[in-house]
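To start, the structure under review is shown below, and the notes come after it.
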Amino acid sequence: MSTILDQFKLDGKVAIVTGASRGLGQGIALALAGAGADIFAVDVLECSDTCDKVRAMKRRCESRVLDLTAPGAPETVVAAAADSLGKVDILVNNAGIIRRADFLEFSEKDWDDVMNLNIKAVFLLSQAVARRMTSQGSGGRIINIASMLSFQGGIRVPSYTASKSAVAGLTRLIACELGPKGINCNAIAPGYMATDNTAPLRADAARSQAILERIPAGRWGTPEDLQGAVVFLASPASAYVNGFTLAVDGGWLAR
């Protein structure tokens, strides 16, 4: 007899996870594998540690070291995933970078580098995956990683704010166009997480204290905090959830 928990299972599914070598991306890959999915891990760094952990769960894992901003990279990723694991059912666009400088001093290169990975690559990889999902005829899930700065302005991160605001908008557009094809697209907006991206903030005692004082949970988030949300959005349990950006932020936005 099936239960509601069966709706969260991902047995037989194949998921592409970008930025999967460590941090949030590795946590996401392990969550999907724990729910039953096979993983195709992509990063500019080796993903051997992630794959070892996925395989320890008795799931398949293949990986590719790749710069997602390189010409043709999205098509390469999708073809490699489908060739090695048979198909593509889930995409998690997690890879991203951040650059910090005052608005008046922010460089064009820092603008372009961030925008090229955080939104252009997300668009192109989502497009390539959606084409594959459409040809497979079985629908799928696209999950984008947004940010608190999809909702707020922030300071000293103009290209990051712009890119993550665009991620939320693109998520809604994909949902509107691809929903009729059985492809759902949602986003997760992590709060302040203890990752490499926030290392400068956590190293600044005054800034770190100010951030923690605003978070009702009273702590920085961890990769494990995203795992339930990503499994939900990847699974049949979220079949009627489409075009939404889910904040996993310890209550930051509630303040």
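Convention: chains lettered A, B, ... in structure tokens order; per-chain residue numbering from 1; ligands numbered from 1 as shown.
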Write out as an MDAnalysis selection string all residues of segment 139-177 of chain A that backbone DSSP assigns to strand (DSSP E or B). chainID A and resid 140:145
Write the residues of the selection above to a file with N, CA and C atoms, as a PDB file, in the first residue's frame.
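Everything below was put into again01.pdb:
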```pdb
ATOM      1  N   GLY A 140       9.458  16.567 -16.805  1.00  0.00           N
ATOM      2  CA  GLY A 140      10.673  16.685 -16.012  1.00  0.00           C
ATOM      3  C   GLY A 140      10.585  17.838 -15.033  1.00  0.00           C
ATOM      4  N   ARG A 141      11.692  18.077 -14.355  1.00  0.00           N
ATOM      5  CA  ARG A 141      11.781  19.136 -13.352  1.00  0.00           C
ATOM      6  C   ARG A 141      13.055  19.949 -13.578  1.00  0.00           C
ATOM      7  N   ILE A 142      12.908  21.256 -13.600  1.00  0.00           N
ATOM      8  CA  ILE A 142      14.042  22.171 -13.612  1.00  0.00           C
ATOM      9  C   ILE A 142      13.983  22.971 -12.316  1.00  0.00           C
ATOM     10  N   ILE A 143      15.070  22.939 -11.562  1.00  0.00           N
ATOM     11  CA  ILE A 143      15.132  23.649 -10.289  1.00  0.00           C
ATOM     12  C   ILE A 143      16.304  24.618 -10.348  1.00  0.00           C
ATOM     13  N   ASN A 144      16.019  25.886 -10.240  1.00  0.00           N
ATOM     14  CA  ASN A 144      17.058  26.912 -10.251  1.00  0.00           C
ATOM     15  C   ASN A 144      17.391  27.331  -8.822  1.00  0.00           C
ATOM     16  N   ILE A 145      18.640  27.691  -8.600  1.00  0.00           N
ATOM     17  CA  ILE A 145      19.026  28.200  -7.290  1.00  0.00           C
ATOM     18  C   ILE A 145      19.076  29.723  -7.358  1.00  0.00           C
TER      19      ILE A 145
END
```
Would you list the contacts of Leu91 of chain A as a list of chain:residue names, taking every protein, DNA or RNA residue within 10 Å and counting only C-alpha atoms, but skipping same-chain residues closer than 2 positions in sequence? A:Val14, A:Ala15, A:Ile16, A:Val17, A:Thr18, A:Ile39, A:Phe40, A:Val78, A:Val88, A:Asp89, A:Asn93, A:Asn94, A:Leu125, A:Ser126, A:Val129, A:Ala130, A:Gly140, A:Arg141, A:Ile142, A:Ile143, A:Asn144, A:Cys185, A:Ala234
When DSSP works through the backbone of this structure, what residues of segment 116-224 of chain A end up as alpha helix (DSSP H), shown as a VMD selection string? chain A and resid 121 to 136 158 to 178 199 to 203 205 to 214 224
Dump N, CA and C atoms for the selected residues as a short mmCIF file (atom, residue, chain, number, x, y, z; two decimals), in the first residue's frame?
```cif
data_model
loop_
_atom_site.label_atom_id
_atom_site.label_comp_id
_atom_site.auth_asym_id
_atom_site.auth_seq_id
_atom_site.Cartn_x
_atom_site.Cartn_y
_atom_site.Cartn_z
N ALA A 121 24.20 31.00 -18.54
CA ALA A 121 24.39 29.54 -18.54
C ALA A 121 23.15 28.83 -18.03
N VAL A 122 22.45 29.41 -17.06
CA VAL A 122 21.20 28.83 -16.56
C VAL A 122 20.16 28.76 -17.68
N PHE A 123 20.04 29.85 -18.43
CA PHE A 123 19.10 29.87 -19.56
C PHE A 123 19.46 28.80 -20.59
N LEU A 124 20.73 28.76 -21.00
CA LEU A 124 21.13 27.86 -22.08
C LEU A 124 21.05 26.40 -21.65
N LEU A 125 21.44 26.10 -20.41
CA LEU A 125 21.37 24.70 -19.97
C LEU A 125 19.92 24.27 -19.77
N SER A 126 19.09 25.16 -19.23
CA SER A 126 17.67 24.85 -19.08
C SER A 126 17.03 24.59 -20.45
N GLN A 127 17.40 25.39 -21.41
CA GLN A 127 16.87 25.22 -22.77
C GLN A 127 17.28 23.87 -23.35
N ALA A 128 18.57 23.54 -23.20
CA ALA A 128 19.06 22.27 -23.74
C ALA A 128 18.41 21.08 -23.05
N VAL A 129 18.26 21.17 -21.73
CA VAL A 129 17.61 20.09 -20.98
C VAL A 129 16.13 19.97 -21.36
N ALA A 130 15.46 21.11 -21.50
CA ALA A 130 14.04 21.08 -21.84
C ALA A 130 13.82 20.46 -23.22
N ARG A 131 14.73 20.72 -24.14
CA ARG A 131 14.62 20.08 -25.46
C ARG A 131 14.74 18.57 -25.33
N ARG A 132 15.66 18.11 -24.49
CA ARG A 132 15.81 16.68 -24.27
C ARG A 132 14.57 16.10 -23.59
N MET A 133 14.08 16.77 -22.56
CA MET A 133 12.88 16.30 -21.87
C MET A 133 11.69 16.23 -22.82
N THR A 134 11.57 17.23 -23.69
CA THR A 134 10.46 17.24 -24.64
C THR A 134 10.56 16.07 -25.60
N SER A 135 11.76 15.78 -26.08
CA SER A 135 11.94 14.66 -27.00
C SER A 135 11.69 13.32 -26.30
N GLN A 136 12.00 13.25 -25.00
CA GLN A 136 11.74 12.03 -24.24
C GLN A 136 10.24 11.82 -24.02
N PRO A 158 26.37 44.09 -7.35
CA PRO A 158 25.37 44.46 -8.37
C PRO A 158 25.10 43.36 -9.39
N SER A 159 26.13 42.68 -9.87
CA SER A 159 25.88 41.65 -10.88
C SER A 159 25.21 40.42 -10.26
N TYR A 160 25.55 40.11 -9.02
CA TYR A 160 24.91 38.97 -8.35
C TYR A 160 23.43 39.26 -8.13
N THR A 161 23.11 40.45 -7.64
CA THR A 161 21.71 40.82 -7.43
C THR A 161 20.94 40.78 -8.75
N ALA A 162 21.52 41.35 -9.78
CA ALA A 162 20.85 41.37 -11.09
C ALA A 162 20.64 39.95 -11.61
N SER A 163 21.66 39.10 -11.47
CA SER A 163 21.56 37.74 -12.00
C SER A 163 20.53 36.92 -11.23
N LYS A 164 20.51 37.05 -9.92
CA LYS A 164 19.58 36.24 -9.13
C LYS A 164 18.15 36.76 -9.24
N SER A 165 17.99 38.05 -9.46
CA SER A 165 16.65 38.57 -9.76
C SER A 165 16.18 38.00 -11.09
N ALA A 166 17.10 37.91 -12.04
CA ALA A 166 16.76 37.34 -13.35
C ALA A 166 16.44 35.86 -13.25
N VAL A 167 17.11 35.14 -12.38
CA VAL A 167 16.81 33.72 -12.19
C VAL A 167 15.36 33.53 -11.77
N ALA A 168 14.88 34.35 -10.85
CA ALA A 168 13.49 34.24 -10.41
C ALA A 168 12.52 34.52 -11.56
N GLY A 169 12.83 35.52 -12.36
CA GLY A 169 11.98 35.84 -13.50
C GLY A 169 12.01 34.75 -14.56
N LEU A 170 13.19 34.24 -14.86
CA LEU A 170 13.31 33.17 -15.86
C LEU A 170 12.58 31.92 -15.39
N THR A 171 12.62 31.64 -14.11
CA THR A 171 11.90 30.50 -13.54
C THR A 171 10.41 30.59 -13.86
N ARG A 172 9.84 31.77 -13.69
CA ARG A 172 8.42 31.95 -13.98
C ARG A 172 8.13 31.79 -15.48
N LEU A 173 9.01 32.33 -16.31
CA LEU A 173 8.83 32.22 -17.76
C LEU A 173 8.87 30.77 -18.21
N ILE A 174 9.85 30.02 -17.73
CA ILE A 174 9.96 28.60 -18.11
C ILE A 174 8.71 27.84 -17.66
N ALA A 175 8.24 28.13 -16.45
CA ALA A 175 7.03 27.46 -15.95
C ALA A 175 5.84 27.73 -16.87
N CYS A 176 5.70 28.97 -17.30
CA CYS A 176 4.57 29.33 -18.15
C CYS A 176 4.63 28.63 -19.50
N GLU A 177 5.82 28.56 -20.09
CA GLU A 177 5.95 27.98 -21.42
C GLU A 177 5.99 26.46 -21.42
N LEU A 178 6.63 25.87 -20.42
CA LEU A 178 6.87 24.44 -20.46
C LEU A 178 5.92 23.63 -19.59
N ALA A 199 31.96 33.37 2.88
CA ALA A 199 33.14 33.38 3.77
C ALA A 199 33.55 34.80 4.17
N PRO A 200 33.58 35.78 3.22
CA PRO A 200 33.95 37.14 3.63
C PRO A 200 32.99 37.75 4.63
N LEU A 201 31.71 37.43 4.53
CA LEU A 201 30.73 37.95 5.47
C LEU A 201 30.90 37.32 6.84
N ARG A 202 31.15 36.02 6.87
CA ARG A 202 31.31 35.34 8.16
C ARG A 202 32.61 35.72 8.84
N ALA A 203 33.60 36.13 8.03
CA ALA A 203 34.89 36.55 8.60
C ALA A 203 34.84 37.95 9.19
N ALA A 205 33.28 40.08 11.72
CA ALA A 205 32.52 39.82 12.95
C ALA A 205 31.27 40.69 13.07
N ALA A 206 31.40 41.97 12.75
CA ALA A 206 30.26 42.88 12.88
C ALA A 206 29.17 42.54 11.87
N ARG A 207 29.58 42.26 10.62
CA ARG A 207 28.61 41.93 9.58
C ARG A 207 27.93 40.60 9.89
N SER A 208 28.71 39.62 10.33
CA SER A 208 28.15 38.31 10.67
C SER A 208 27.14 38.43 11.80
N GLN A 209 27.45 39.22 12.81
CA GLN A 209 26.53 39.39 13.93
C GLN A 209 25.24 40.06 13.48
N ALA A 210 25.36 41.06 12.61
CA ALA A 210 24.17 41.76 12.12
C ALA A 210 23.26 40.82 11.33
N ILE A 211 23.87 39.95 10.54
CA ILE A 211 23.10 38.98 9.77
C ILE A 211 22.40 37.99 10.70
N LEU A 212 23.15 37.43 11.64
CA LEU A 212 22.57 36.44 12.54
C LEU A 212 21.45 37.02 13.39
N GLU A 213 21.57 38.29 13.76
CA GLU A 213 20.53 38.92 14.57
C GLU A 213 19.21 39.03 13.82
N ARG A 214 19.27 39.05 12.50
CA ARG A 214 18.04 39.17 11.73
C ARG A 214 17.40 37.81 11.41
N GLU A 224 22.59 20.81 4.21
CA GLU A 224 21.51 19.89 4.62
C GLU A 224 20.17 20.60 4.70
#
```
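Across A:Tyr192, A:Leu233, A:Gly221, A:Tyr240, the tightest approach to Gly179 of chain A is made by A:Tyr240 when counting only C-alpha atoms.
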Write out as number ranges by chain the residues lying within 8 Å of Arg100 of chain A, counting only C-alpha atoms and excluding same-chain residues fewer than 6 positions away. A: 106, 156-157
May I have the selected residues written with N, CA and C atoms, as a PDB file, in the first residue's frame?
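Generated output (selection38.pdb):
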```pdb
ATOM      1  N   PHE A 106      32.584  48.980  -9.438  1.00  0.00           N
ATOM      2  CA  PHE A 106      32.383  47.628  -9.951  1.00  0.00           C
ATOM      3  C   PHE A 106      32.803  47.548 -11.418  1.00  0.00           C
ATOM      4  N   ARG A 156      26.998  46.025  -2.641  1.00  0.00           N
ATOM      5  CA  ARG A 156      28.317  45.665  -3.153  1.00  0.00           C
ATOM      6  C   ARG A 156      28.319  44.403  -4.020  1.00  0.00           C
ATOM      7  N   VAL A 157      27.162  43.998  -4.519  1.00  0.00           N
ATOM      8  CA  VAL A 157      27.100  42.804  -5.383  1.00  0.00           C
ATOM      9  C   VAL A 157      26.138  43.047  -6.557  1.00  0.00           C
TER      10      VAL A 157
END
```
What is the distance, in Å and to one decimal place, between atom CA of Asp112 of chain A and atom CA of Gly96 of chain A?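 Computing it gives 12.6 Å between the two atoms.
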Within 10 Å of Thr50 of chain A, counting only C-alpha atoms, which residues show up once you throw out same-chain ones fewer than 6 positions away? Write them as a PyMOL selection string, please. chain A and resi 20-22+25-27+29-30+39+41+56+61-63
Write to file, as an mmCIF file, in the first residue's frame, the residues of the selection just made, with N, CA and C atoms.
```
data_model
loop_
_atom_site.group_PDB
_atom_site.id
_atom_site.type_symbol
_atom_site.label_atom_id
_atom_site.label_comp_id
_atom_site.auth_asym_id
_atom_site.auth_seq_id
_atom_site.Cartn_x
_atom_site.Cartn_y
_atom_site.Cartn_z
ATOM 1 N N ALA A 20 28.519 20.833 -8.443
ATOM 2 C CA ALA A 20 28.243 19.704 -7.543
ATOM 3 C C ALA A 20 29.454 19.194 -6.787
ATOM 4 N N SER A 21 30.597 19.847 -6.894
ATOM 5 C CA SER A 21 31.804 19.294 -6.275
ATOM 6 C C SER A 21 31.817 19.448 -4.757
ATOM 7 N N ARG A 22 31.110 20.451 -4.232
ATOM 8 C CA ARG A 22 31.173 20.731 -2.792
ATOM 9 C C ARG A 22 29.992 21.609 -2.400
ATOM 10 N N GLY A 25 25.903 22.442 -3.769
ATOM 11 C CA GLY A 25 25.732 21.535 -4.903
ATOM 12 C C GLY A 25 25.929 20.086 -4.518
ATOM 13 N N GLN A 26 26.951 19.818 -3.717
ATOM 14 C CA GLN A 26 27.165 18.449 -3.258
ATOM 15 C C GLN A 26 26.004 17.997 -2.372
ATOM 16 N N GLY A 27 25.548 18.873 -1.485
ATOM 17 C CA GLY A 27 24.416 18.532 -0.635
ATOM 18 C C GLY A 27 23.167 18.214 -1.437
ATOM 19 N N ALA A 29 23.101 17.101 -4.613
ATOM 20 C CA ALA A 29 23.315 15.833 -5.296
ATOM 21 C C ALA A 29 23.077 14.651 -4.351
ATOM 22 N N LEU A 30 23.562 14.756 -3.127
ATOM 23 C CA LEU A 30 23.393 13.669 -2.167
ATOM 24 C C LEU A 30 21.932 13.505 -1.757
ATOM 25 N N ILE A 39 22.928 10.432 -10.559
ATOM 26 C CA ILE A 39 23.424 11.803 -10.614
ATOM 27 C C ILE A 39 24.461 11.988 -11.716
ATOM 28 N N ALA A 41 27.063 14.857 -12.265
ATOM 29 C CA ALA A 41 27.613 16.002 -11.549
ATOM 30 C C ALA A 41 28.514 16.819 -12.468
ATOM 31 N N ALA A 56 28.214 5.300 -2.825
ATOM 32 C CA ALA A 56 28.077 4.621 -1.533
ATOM 33 C C ALA A 56 26.607 4.415 -1.171
ATOM 34 N N CYS A 61 26.664 7.449 -10.522
ATOM 35 C CA CYS A 61 27.102 8.842 -10.610
ATOM 36 C C CYS A 61 28.179 8.962 -11.678
ATOM 37 N N GLU A 62 27.958 9.866 -12.613
ATOM 38 C CA GLU A 62 28.959 10.236 -13.606
ATOM 39 C C GLU A 62 29.218 11.729 -13.444
ATOM 40 N N SER A 63 30.367 12.183 -13.922
ATOM 41 C CA SER A 63 30.683 13.599 -13.744
ATOM 42 C C SER A 63 31.431 14.145 -14.949
#
```
